[in-house]
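Participant: Provided herewith: work-v1.txt, compact mmCIF, N, CA and C atoms.
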# COMPACT_ATOMS: atom_id res chain seq x y z
N GLN D 662 -18.08 -5.14 5.34
CA GLN D 662 -16.80 -5.53 4.78
C GLN D 662 -16.35 -4.48 3.76
N LEU D 663 -15.07 -4.16 3.80
CA LEU D 663 -14.53 -3.15 2.89
C LEU D 663 -14.27 -3.76 1.53
N GLN D 664 -14.45 -2.96 0.49
CA GLN D 664 -14.05 -3.35 -0.85
C GLN D 664 -13.00 -2.37 -1.33
N LEU D 665 -11.94 -2.90 -1.93
CA LEU D 665 -10.80 -2.09 -2.34
C LEU D 665 -10.56 -2.26 -3.83
N ARG D 666 -10.12 -1.17 -4.46
CA ARG D 666 -9.80 -1.23 -5.89
C ARG D 666 -8.60 -0.34 -6.15
N GLU D 667 -7.53 -0.97 -6.69
CA GLU D 667 -6.31 -0.22 -6.99
C GLU D 667 -6.33 0.26 -8.44
N SER D 668 -5.57 1.32 -8.68
CA SER D 668 -5.34 1.79 -10.04
C SER D 668 -4.02 2.54 -10.05
N GLY D 669 -3.50 2.79 -11.26
CA GLY D 669 -2.33 3.63 -11.38
C GLY D 669 -1.04 2.92 -11.73
N GLY D 670 -1.05 1.62 -11.86
CA GLY D 670 0.17 0.92 -12.23
C GLY D 670 0.54 1.17 -13.67
N GLY D 671 1.72 0.67 -14.06
CA GLY D 671 2.16 0.83 -15.43
C GLY D 671 3.65 0.60 -15.57
N LEU D 672 4.16 1.02 -16.72
CA LEU D 672 5.57 0.88 -17.05
C LEU D 672 6.25 2.25 -16.91
N VAL D 673 7.37 2.27 -16.22
CA VAL D 673 8.10 3.53 -16.01
C VAL D 673 9.59 3.24 -16.06
N GLN D 674 10.37 4.22 -16.49
CA GLN D 674 11.81 4.06 -16.53
C GLN D 674 12.40 4.25 -15.14
N PRO D 675 13.58 3.67 -14.89
CA PRO D 675 14.24 3.89 -13.59
C PRO D 675 14.41 5.38 -13.32
N GLY D 676 14.16 5.74 -12.07
CA GLY D 676 14.20 7.14 -11.69
C GLY D 676 12.88 7.87 -11.85
N GLY D 677 11.94 7.23 -12.50
CA GLY D 677 10.63 7.85 -12.73
C GLY D 677 9.70 7.71 -11.55
N SER D 678 8.46 8.16 -11.74
CA SER D 678 7.46 8.18 -10.68
C SER D 678 6.14 7.58 -11.15
N LEU D 679 5.42 7.01 -10.21
CA LEU D 679 4.05 6.56 -10.43
C LEU D 679 3.25 6.84 -9.17
N ARG D 680 1.96 6.99 -9.36
CA ARG D 680 1.07 7.18 -8.21
C ARG D 680 0.00 6.12 -8.26
N LEU D 681 -0.04 5.30 -7.24
CA LEU D 681 -1.07 4.27 -7.11
C LEU D 681 -2.19 4.80 -6.23
N SER D 682 -3.41 4.41 -6.57
CA SER D 682 -4.55 4.83 -5.79
C SER D 682 -5.36 3.62 -5.36
N CYS D 683 -5.83 3.65 -4.13
CA CYS D 683 -6.68 2.59 -3.59
C CYS D 683 -7.99 3.23 -3.17
N VAL D 684 -9.06 2.88 -3.90
CA VAL D 684 -10.38 3.40 -3.57
C VAL D 684 -11.04 2.42 -2.60
N ILE D 685 -11.55 2.97 -1.51
CA ILE D 685 -12.11 2.13 -0.45
C ILE D 685 -13.61 2.37 -0.36
N SER D 686 -14.38 1.30 -0.49
CA SER D 686 -15.82 1.42 -0.28
C SER D 686 -16.13 0.92 1.11
N GLY D 687 -16.64 1.80 1.92
CA GLY D 687 -16.88 1.46 3.31
C GLY D 687 -16.63 2.69 4.16
N SER D 688 -17.09 2.66 5.37
CA SER D 688 -16.93 3.82 6.23
C SER D 688 -16.21 3.43 7.51
N GLY D 689 -15.84 4.45 8.27
CA GLY D 689 -15.18 4.20 9.54
C GLY D 689 -13.67 4.33 9.44
N TYR D 690 -13.00 3.98 10.52
CA TYR D 690 -11.54 4.03 10.57
C TYR D 690 -10.98 2.63 10.31
N TYR D 691 -9.78 2.59 9.75
CA TYR D 691 -9.18 1.31 9.45
C TYR D 691 -7.66 1.45 9.31
N THR D 692 -7.02 0.32 9.37
CA THR D 692 -5.60 0.21 9.04
C THR D 692 -5.52 -0.21 7.58
N ILE D 693 -4.75 0.54 6.80
CA ILE D 693 -4.60 0.22 5.38
C ILE D 693 -3.13 0.11 5.04
N ALA D 694 -2.78 -0.88 4.25
CA ALA D 694 -1.38 -1.11 3.90
C ALA D 694 -1.25 -1.40 2.41
N TRP D 695 -0.09 -1.08 1.91
CA TRP D 695 0.29 -1.47 0.55
C TRP D 695 1.31 -2.60 0.65
N PHE D 696 1.08 -3.64 -0.13
CA PHE D 696 1.99 -4.78 -0.25
C PHE D 696 2.42 -4.88 -1.71
N ARG D 697 3.48 -5.64 -1.94
CA ARG D 697 3.88 -5.95 -3.30
C ARG D 697 4.39 -7.38 -3.35
N GLN D 698 4.30 -7.95 -4.56
CA GLN D 698 4.70 -9.34 -4.71
C GLN D 698 5.29 -9.56 -6.09
N VAL D 699 6.41 -10.28 -6.11
CA VAL D 699 7.00 -10.72 -7.37
C VAL D 699 6.86 -12.23 -7.44
N PRO D 700 6.84 -12.79 -8.65
CA PRO D 700 6.66 -14.24 -8.78
C PRO D 700 7.70 -15.01 -8.00
N GLY D 701 7.24 -16.01 -7.27
CA GLY D 701 8.15 -16.87 -6.52
C GLY D 701 8.54 -16.35 -5.16
N LYS D 702 8.06 -15.17 -4.81
CA LYS D 702 8.39 -14.59 -3.51
C LYS D 702 7.13 -14.30 -2.72
N GLU D 703 7.30 -14.16 -1.41
CA GLU D 703 6.17 -13.83 -0.56
C GLU D 703 5.76 -12.38 -0.75
N ARG D 704 4.49 -12.14 -0.48
CA ARG D 704 3.98 -10.77 -0.53
C ARG D 704 4.59 -9.99 0.64
N GLU D 705 5.15 -8.83 0.34
CA GLU D 705 5.81 -8.04 1.38
C GLU D 705 5.10 -6.71 1.57
N GLY D 706 4.97 -6.32 2.83
CA GLY D 706 4.38 -5.04 3.16
C GLY D 706 5.41 -3.94 3.03
N ILE D 707 5.00 -2.79 2.46
CA ILE D 707 5.94 -1.70 2.27
C ILE D 707 5.50 -0.39 2.90
N ALA D 708 4.20 -0.19 3.08
CA ALA D 708 3.73 1.07 3.65
C ALA D 708 2.39 0.84 4.33
N CYS D 709 2.17 1.54 5.43
CA CYS D 709 0.97 1.31 6.22
C CYS D 709 0.50 2.62 6.85
N MET D 710 -0.81 2.77 6.93
CA MET D 710 -1.39 3.97 7.53
C MET D 710 -2.54 3.58 8.45
N SER D 711 -2.62 4.29 9.57
CA SER D 711 -3.80 4.19 10.42
C SER D 711 -4.66 5.41 10.15
N THR D 712 -5.85 5.22 9.60
CA THR D 712 -6.66 6.37 9.23
C THR D 712 -7.29 7.06 10.45
N SER D 713 -7.19 6.45 11.62
CA SER D 713 -7.77 7.08 12.81
C SER D 713 -6.96 8.29 13.25
N ASP D 714 -5.62 8.23 13.08
CA ASP D 714 -4.79 9.36 13.50
C ASP D 714 -3.78 9.79 12.43
N GLY D 715 -3.80 9.14 11.27
CA GLY D 715 -2.90 9.51 10.19
C GLY D 715 -1.49 8.98 10.32
N SER D 716 -1.23 8.14 11.32
CA SER D 716 0.12 7.58 11.48
C SER D 716 0.51 6.78 10.24
N LYS D 717 1.79 6.87 9.89
CA LYS D 717 2.29 6.18 8.70
C LYS D 717 3.59 5.45 9.06
N PHE D 718 3.81 4.35 8.37
CA PHE D 718 5.04 3.58 8.56
C PHE D 718 5.48 3.06 7.21
N TYR D 719 6.80 3.11 6.97
CA TYR D 719 7.36 2.65 5.70
C TYR D 719 8.45 1.63 5.95
N GLU D 720 8.47 0.64 5.10
CA GLU D 720 9.54 -0.33 5.15
C GLU D 720 10.82 0.34 4.63
N ASP D 721 11.98 -0.12 5.11
CA ASP D 721 13.23 0.58 4.84
C ASP D 721 13.53 0.74 3.35
N SER D 722 13.17 -0.24 2.54
CA SER D 722 13.54 -0.19 1.12
C SER D 722 12.81 0.90 0.36
N VAL D 723 11.72 1.43 0.91
CA VAL D 723 10.96 2.47 0.20
C VAL D 723 10.96 3.79 0.95
N LYS D 724 11.48 3.80 2.16
CA LYS D 724 11.47 5.02 2.98
C LYS D 724 12.22 6.13 2.27
N GLY D 725 11.62 7.30 2.21
CA GLY D 725 12.23 8.44 1.53
C GLY D 725 11.90 8.51 0.04
N ARG D 726 11.35 7.45 -0.51
CA ARG D 726 10.97 7.44 -1.94
C ARG D 726 9.46 7.34 -2.13
N PHE D 727 8.80 6.61 -1.25
CA PHE D 727 7.36 6.40 -1.36
C PHE D 727 6.64 7.19 -0.26
N THR D 728 5.47 7.70 -0.59
CA THR D 728 4.71 8.51 0.37
C THR D 728 3.23 8.14 0.32
N LEU D 729 2.65 7.91 1.49
CA LEU D 729 1.22 7.66 1.60
C LEU D 729 0.47 8.97 1.79
N SER D 730 -0.72 9.03 1.20
CA SER D 730 -1.59 10.16 1.47
C SER D 730 -3.04 9.69 1.40
N ARG D 731 -3.89 10.41 2.11
CA ARG D 731 -5.29 10.02 2.15
C ARG D 731 -6.17 11.19 1.75
N ASP D 732 -7.16 10.91 0.92
CA ASP D 732 -8.18 11.88 0.55
C ASP D 732 -9.48 11.39 1.19
N SER D 733 -9.87 12.02 2.30
CA SER D 733 -11.04 11.53 3.03
C SER D 733 -12.33 11.79 2.26
N ASP D 734 -12.35 12.83 1.42
CA ASP D 734 -13.55 13.11 0.64
C ASP D 734 -13.78 12.03 -0.41
N GLU D 735 -12.69 11.62 -1.08
CA GLU D 735 -12.80 10.59 -2.11
C GLU D 735 -12.66 9.19 -1.53
N ASN D 736 -12.28 9.11 -0.25
CA ASN D 736 -12.04 7.83 0.42
C ASN D 736 -11.01 6.99 -0.33
N THR D 737 -9.90 7.62 -0.60
CA THR D 737 -8.80 6.93 -1.25
C THR D 737 -7.54 7.06 -0.40
N VAL D 738 -6.67 6.08 -0.56
CA VAL D 738 -5.32 6.16 0.01
C VAL D 738 -4.35 5.94 -1.14
N ASP D 739 -3.54 6.93 -1.41
CA ASP D 739 -2.61 6.89 -2.53
C ASP D 739 -1.20 6.57 -2.07
N LEU D 740 -0.45 5.96 -2.97
CA LEU D 740 0.97 5.69 -2.74
C LEU D 740 1.75 6.37 -3.86
N GLN D 741 2.40 7.48 -3.52
CA GLN D 741 3.25 8.18 -4.47
C GLN D 741 4.62 7.53 -4.46
N MET D 742 5.06 7.08 -5.61
CA MET D 742 6.33 6.36 -5.71
C MET D 742 7.29 7.15 -6.58
N ASN D 743 8.36 7.63 -5.99
CA ASN D 743 9.37 8.41 -6.70
C ASN D 743 10.69 7.66 -6.77
N ASN D 744 11.55 8.10 -7.69
CA ASN D 744 12.87 7.48 -7.85
C ASN D 744 12.76 5.96 -7.91
N LEU D 745 11.90 5.50 -8.78
CA LEU D 745 11.65 4.07 -8.87
C LEU D 745 12.86 3.32 -9.40
N LYS D 746 13.04 2.10 -8.89
CA LYS D 746 14.17 1.24 -9.26
C LYS D 746 13.64 -0.04 -9.88
N PRO D 747 14.46 -0.72 -10.68
CA PRO D 747 14.01 -1.99 -11.26
C PRO D 747 13.52 -2.99 -10.21
N GLU D 748 14.12 -2.97 -9.04
CA GLU D 748 13.71 -3.90 -7.98
C GLU D 748 12.36 -3.56 -7.37
N ASP D 749 11.77 -2.42 -7.76
CA ASP D 749 10.41 -2.10 -7.34
C ASP D 749 9.35 -2.78 -8.22
N THR D 750 9.79 -3.42 -9.28
CA THR D 750 8.86 -4.12 -10.17
C THR D 750 8.13 -5.22 -9.41
N ALA D 751 6.81 -5.17 -9.45
CA ALA D 751 5.99 -6.13 -8.70
C ALA D 751 4.52 -5.86 -8.99
N VAL D 752 3.66 -6.75 -8.52
CA VAL D 752 2.23 -6.46 -8.44
C VAL D 752 1.98 -5.83 -7.07
N TYR D 753 1.34 -4.69 -7.08
CA TYR D 753 1.08 -3.95 -5.85
C TYR D 753 -0.37 -4.12 -5.44
N TYR D 754 -0.57 -4.37 -4.15
CA TYR D 754 -1.90 -4.59 -3.58
C TYR D 754 -2.14 -3.64 -2.42
N CYS D 755 -3.36 -3.15 -2.30
CA CYS D 755 -3.73 -2.49 -1.06
C CYS D 755 -4.59 -3.45 -0.24
N ALA D 756 -4.48 -3.31 1.06
CA ALA D 756 -5.21 -4.18 1.98
C ALA D 756 -5.69 -3.36 3.15
N ALA D 757 -6.80 -3.77 3.74
CA ALA D 757 -7.36 -2.99 4.84
C ALA D 757 -8.03 -3.89 5.86
N THR D 758 -8.06 -3.40 7.08
CA THR D 758 -8.79 -4.06 8.16
C THR D 758 -9.35 -2.98 9.08
N ASP D 759 -10.48 -3.28 9.71
CA ASP D 759 -11.04 -2.33 10.66
C ASP D 759 -10.46 -2.52 12.06
N GLN D 760 -9.50 -3.42 12.19
CA GLN D 760 -8.82 -3.62 13.47
C GLN D 760 -7.67 -2.62 13.58
N LEU D 761 -7.86 -1.54 14.29
CA LEU D 761 -6.89 -0.47 14.32
C LEU D 761 -5.59 -0.88 15.01
N GLU D 762 -5.65 -1.87 15.90
CA GLU D 762 -4.43 -2.27 16.61
C GLU D 762 -3.43 -2.97 15.69
N ILE D 763 -3.89 -3.41 14.52
CA ILE D 763 -3.00 -4.06 13.56
C ILE D 763 -1.86 -3.14 13.18
N TYR D 764 -2.14 -1.83 13.13
CA TYR D 764 -1.09 -0.89 12.72
C TYR D 764 0.13 -1.01 13.63
N ARG D 765 -0.09 -1.19 14.92
CA ARG D 765 1.03 -1.23 15.86
C ARG D 765 1.53 -2.64 16.14
N ARG D 766 0.72 -3.66 15.87
CA ARG D 766 1.08 -5.01 16.27
C ARG D 766 1.61 -5.88 15.12
N SER D 767 0.94 -5.81 13.97
CA SER D 767 1.31 -6.75 12.90
C SER D 767 0.99 -6.15 11.55
N ARG D 768 1.48 -4.97 11.31
CA ARG D 768 1.08 -4.20 10.15
C ARG D 768 1.46 -4.84 8.83
N PHE D 769 2.53 -5.62 8.78
CA PHE D 769 2.97 -6.18 7.51
C PHE D 769 2.80 -7.70 7.43
N GLN D 770 1.92 -8.22 8.27
CA GLN D 770 1.57 -9.64 8.12
C GLN D 770 0.34 -9.74 7.24
N THR D 771 0.42 -10.55 6.19
CA THR D 771 -0.70 -10.64 5.26
C THR D 771 -1.96 -11.19 5.94
N THR D 772 -1.76 -12.02 6.95
CA THR D 772 -2.92 -12.61 7.64
C THR D 772 -3.65 -11.60 8.51
N SER D 773 -3.08 -10.41 8.70
CA SER D 773 -3.75 -9.37 9.48
C SER D 773 -4.90 -8.73 8.72
N TYR D 774 -4.95 -8.92 7.41
CA TYR D 774 -5.89 -8.20 6.57
C TYR D 774 -6.90 -9.15 5.94
N ASP D 775 -8.15 -8.75 5.97
CA ASP D 775 -9.20 -9.58 5.39
C ASP D 775 -9.86 -8.92 4.19
N ASN D 776 -9.33 -7.79 3.77
CA ASN D 776 -9.86 -7.11 2.59
C ASN D 776 -8.69 -6.72 1.69
N TRP D 777 -8.74 -7.18 0.45
CA TRP D 777 -7.65 -6.96 -0.50
C TRP D 777 -8.20 -6.45 -1.82
N GLY D 778 -7.40 -5.62 -2.47
CA GLY D 778 -7.69 -5.25 -3.84
C GLY D 778 -7.21 -6.32 -4.80
N GLN D 779 -7.44 -6.08 -6.08
CA GLN D 779 -7.12 -7.08 -7.10
C GLN D 779 -5.67 -7.02 -7.55
N GLY D 780 -4.98 -5.93 -7.20
CA GLY D 780 -3.58 -5.78 -7.58
C GLY D 780 -3.41 -4.97 -8.85
N THR D 781 -2.29 -4.28 -8.93
CA THR D 781 -1.94 -3.52 -10.13
C THR D 781 -0.44 -3.69 -10.41
N GLN D 782 -0.10 -3.93 -11.66
CA GLN D 782 1.29 -4.21 -12.03
C GLN D 782 2.09 -2.92 -12.15
N VAL D 783 3.26 -2.91 -11.54
CA VAL D 783 4.23 -1.83 -11.70
C VAL D 783 5.50 -2.44 -12.27
N THR D 784 5.95 -1.91 -13.40
CA THR D 784 7.17 -2.40 -14.04
C THR D 784 8.12 -1.23 -14.22
N VAL D 785 9.33 -1.39 -13.68
CA VAL D 785 10.35 -0.36 -13.79
C VAL D 785 11.46 -0.91 -14.68
N SER D 786 11.57 -0.36 -15.86
CA SER D 786 12.52 -0.90 -16.83
C SER D 786 12.84 0.16 -17.87
N SER D 787 14.09 0.10 -18.34
CA SER D 787 14.49 1.01 -19.43
C SER D 787 14.30 0.34 -20.79
Go ahead and render the structure in this file as structure tokens.

Facilitator:
Amino acid sequence: QLQLRESGGGLVQPGGSLRLSCVISGSGYYTIAWFRQVPGKEREGIACMSTSDGSKFYEDSVKGRFTLSRDSDENTVDLQMNNLKPEDTAVYYCAATDQLEIYRRSRFQTTSYDNWGQGTQVTVSS
């Protein structure tokens, strides 16, 4: 079973940048996704990567602003967030599964993932 740990959240002004990191303990290939959640709303998927071939997918609201990258030596998957907006304020979670078909079939369904990090708060405010 994979263990995940996020870091890198914080407070940033609109238009600023943050980089979130998800450290993964475990080996092999997997589908990994970043989700975010605000109080009273469902957790939403925003970015997903298949580590078997490096394929990436972004939800429309973050496309062009957020970028996934993987460091195979450190076994991390980072989410670079640029041009942040107040509506990006949320708790951000990374999630992973060793089921590679999830990337193409149900990448942003929370029930697709059985390994979650603890979450990190991102606040975008002036």

Participant: Extract, using only N, CA and C atoms, all DNA, RNA and protein residues at most 8 Å from segment 767-774 of chain D, discarding same-chain residues fewer than 3 positions from it, and format them as a PDB file with N, CA and C atoms, in the frame of the given file.

Facilitator:
ATOM      1  N   ILE D 693      -4.750   0.540   6.800  1.00  0.00           N
ATOM      2  CA  ILE D 693      -4.600   0.220   5.380  1.00  0.00           C
ATOM      3  C   ILE D 693      -3.130   0.110   5.040  1.00  0.00           C
ATOM      4  N   ALA D 694      -2.780  -0.880   4.250  1.00  0.00           N
ATOM      5  CA  ALA D 694      -1.380  -1.110   3.900  1.00  0.00           C
ATOM      6  C   ALA D 694      -1.250  -1.400   2.410  1.00  0.00           C
ATOM      7  N   TRP D 695      -0.090  -1.080   1.910  1.00  0.00           N
ATOM      8  CA  TRP D 695       0.290  -1.470   0.550  1.00  0.00           C
ATOM      9  C   TRP D 695       1.310  -2.600   0.650  1.00  0.00           C
ATOM     10  N   PHE D 696       1.080  -3.640  -0.130  1.00  0.00           N
ATOM     11  CA  PHE D 696       1.990  -4.780  -0.250  1.00  0.00           C
ATOM     12  C   PHE D 696       2.420  -4.880  -1.710  1.00  0.00           C
ATOM     13  N   ARG D 704       4.490 -12.140  -0.480  1.00  0.00           N
ATOM     14  CA  ARG D 704       3.980 -10.770  -0.530  1.00  0.00           C
ATOM     15  C   ARG D 704       4.590  -9.990   0.640  1.00  0.00           C
ATOM     16  N   GLU D 705       5.150  -8.830   0.340  1.00  0.00           N
ATOM     17  CA  GLU D 705       5.810  -8.040   1.380  1.00  0.00           C
ATOM     18  C   GLU D 705       5.100  -6.710   1.570  1.00  0.00           C
ATOM     19  N   GLY D 706       4.970  -6.320   2.830  1.00  0.00           N
ATOM     20  CA  GLY D 706       4.380  -5.040   3.160  1.00  0.00           C
ATOM     21  C   GLY D 706       5.410  -3.940   3.030  1.00  0.00           C
ATOM     22  N   ILE D 707       5.000  -2.790   2.460  1.00  0.00           N
ATOM     23  CA  ILE D 707       5.940  -1.700   2.270  1.00  0.00           C
ATOM     24  C   ILE D 707       5.500  -0.390   2.900  1.00  0.00           C
ATOM     25  N   ALA D 708       4.200  -0.190   3.080  1.00  0.00           N
ATOM     26  CA  ALA D 708       3.730   1.070   3.650  1.00  0.00           C
ATOM     27  C   ALA D 708       2.390   0.840   4.330  1.00  0.00           C
ATOM     28  N   CYS D 709       2.170   1.540   5.430  1.00  0.00           N
ATOM     29  CA  CYS D 709       0.970   1.310   6.220  1.00  0.00           C
ATOM     30  C   CYS D 709       0.500   2.620   6.850  1.00  0.00           C
ATOM     31  N   MET D 710      -0.810   2.770   6.930  1.00  0.00           N
ATOM     32  CA  MET D 710      -1.390   3.970   7.530  1.00  0.00           C
ATOM     33  C   MET D 710      -2.540   3.580   8.450  1.00  0.00           C
ATOM     34  N   ALA D 756      -4.480  -3.310   1.060  1.00  0.00           N
ATOM     35  CA  ALA D 756      -5.210  -4.180   1.980  1.00  0.00           C
ATOM     36  C   ALA D 756      -5.690  -3.360   3.150  1.00  0.00           C
ATOM     37  N   ALA D 757      -6.800  -3.770   3.740  1.00  0.00           N
ATOM     38  CA  ALA D 757      -7.360  -2.990   4.840  1.00  0.00           C
ATOM     39  C   ALA D 757      -8.030  -3.890   5.860  1.00  0.00           C
ATOM     40  N   THR D 758      -8.060  -3.400   7.080  1.00  0.00           N
ATOM     41  CA  THR D 758      -8.790  -4.060   8.160  1.00  0.00           C
ATOM     42  C   THR D 758      -9.350  -2.980   9.080  1.00  0.00           C
ATOM     43  N   ASP D 759     -10.480  -3.280   9.710  1.00  0.00           N
ATOM     44  CA  ASP D 759     -11.040  -2.330  10.660  1.00  0.00           C
ATOM     45  C   ASP D 759     -10.460  -2.520  12.060  1.00  0.00           C
ATOM     46  N   GLN D 760      -9.500  -3.420  12.190  1.00  0.00           N
ATOM     47  CA  GLN D 760      -8.820  -3.620  13.470  1.00  0.00           C
ATOM     48  C   GLN D 760      -7.670  -2.620  13.580  1.00  0.00           C
ATOM     49  N   GLU D 762      -5.650  -1.870  15.900  1.00  0.00           N
ATOM     50  CA  GLU D 762      -4.430  -2.270  16.610  1.00  0.00           C
ATOM     51  C   GLU D 762      -3.430  -2.970  15.690  1.00  0.00           C
ATOM     52  N   ILE D 763      -3.890  -3.410  14.520  1.00  0.00           N
ATOM     53  CA  ILE D 763      -3.000  -4.060  13.560  1.00  0.00           C
ATOM     54  C   ILE D 763      -1.860  -3.140  13.180  1.00  0.00           C
ATOM     55  N   TYR D 764      -2.140  -1.830  13.130  1.00  0.00           N
ATOM     56  CA  TYR D 764      -1.090  -0.890  12.720  1.00  0.00           C
ATOM     57  C   TYR D 764       0.130  -1.010  13.630  1.00  0.00           C
ATOM     58  N   TRP D 777      -8.740  -7.180   0.450  1.00  0.00           N
ATOM     59  CA  TRP D 777      -7.650  -6.960  -0.500  1.00  0.00           C
ATOM     60  C   TRP D 777      -8.200  -6.450  -1.820  1.00  0.00           C
TER      61      TRP D 777
END

Participant: Nearest residue to Ala751 of chain D out of D:Gly725, D:Pro700, D:Gly715, D:Gly669, using all atoms listed in the file?

Facilitator: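 Distance minimum relative to Ala751 of chain D lands on D:Pro700.
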
Participant: For Leu729 of chain D, which residue among D:Leu745, D:Val783, D:Val673, D:Leu681 is the nearest when counting only C-alpha atoms?

Facilitator: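 Closest candidate: D:Leu681.
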
Participant: Figure out the distance between atom CA of Ser678 of chain D and atom CA of Thr712 of chain D, please, to one decimal in Å.

Facilitator: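 Atom CA of Thr712 of chain D sits 24.5 Å away from atom CA of Ser678 of chain D.
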
Participant: In Å, with one decimal, what is the gap from atom C of Tyr753 of chain D to atom C of Pro675 of chain D?

Facilitator: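 Between these atoms lies a distance of 19.3 Å.
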
Participant: Which residues are close to Phe727 of chain D, i.e. within 5 Å by all atoms listed in the file, leaving aside same-chain residues fewer than 4 positions away? Reply as a PyMOL selection string.

Facilitator: chain D and resi 723+741-743

Participant: Skip Ser713 of chain D itself and residues of its chain fewer than 5 positions away, then list as a list in words all residues within 7 Å of it, counting all atoms listed in the file.

Facilitator: Tyr690, Tyr691 and Thr692 of chain D

Participant: Which residue out of D:Ser786, D:Ser711, D:Asn736, D:Gln664 has the minimum interatomic distance to Glu748 of chain D when only N, CA and C atoms are used?

Facilitator: D:Ser786

Participant: Between D:Ser733, D:Gln662, D:Ser668, D:Ser688, which has the minimum distance to Gln782 of chain D (counting only N, CA and C atoms)?

Facilitator: D:Ser668

Participant: Could you check how far atom C of Gly676 of chain D sits from atom C of Asp714 of chain D, in Å to one decimal?

Facilitator: 29.5 Å

Participant: Going by DSSP on the backbone, which bits of chain D are helix (DSSP H, G or I)? Write them as a PyMOL selection string, please.

Facilitator: chain D and resi 747-749+763-766+771-773

Participant: Mind checking DSSP for chain D and telling me the strand (DSSP E) residues as a ChimeraX atom specification?

Facilitator: /D:664-668,671-673,679-686,692-698,705-711,716-719,727-732,737-742,751-758,776-777,781-785
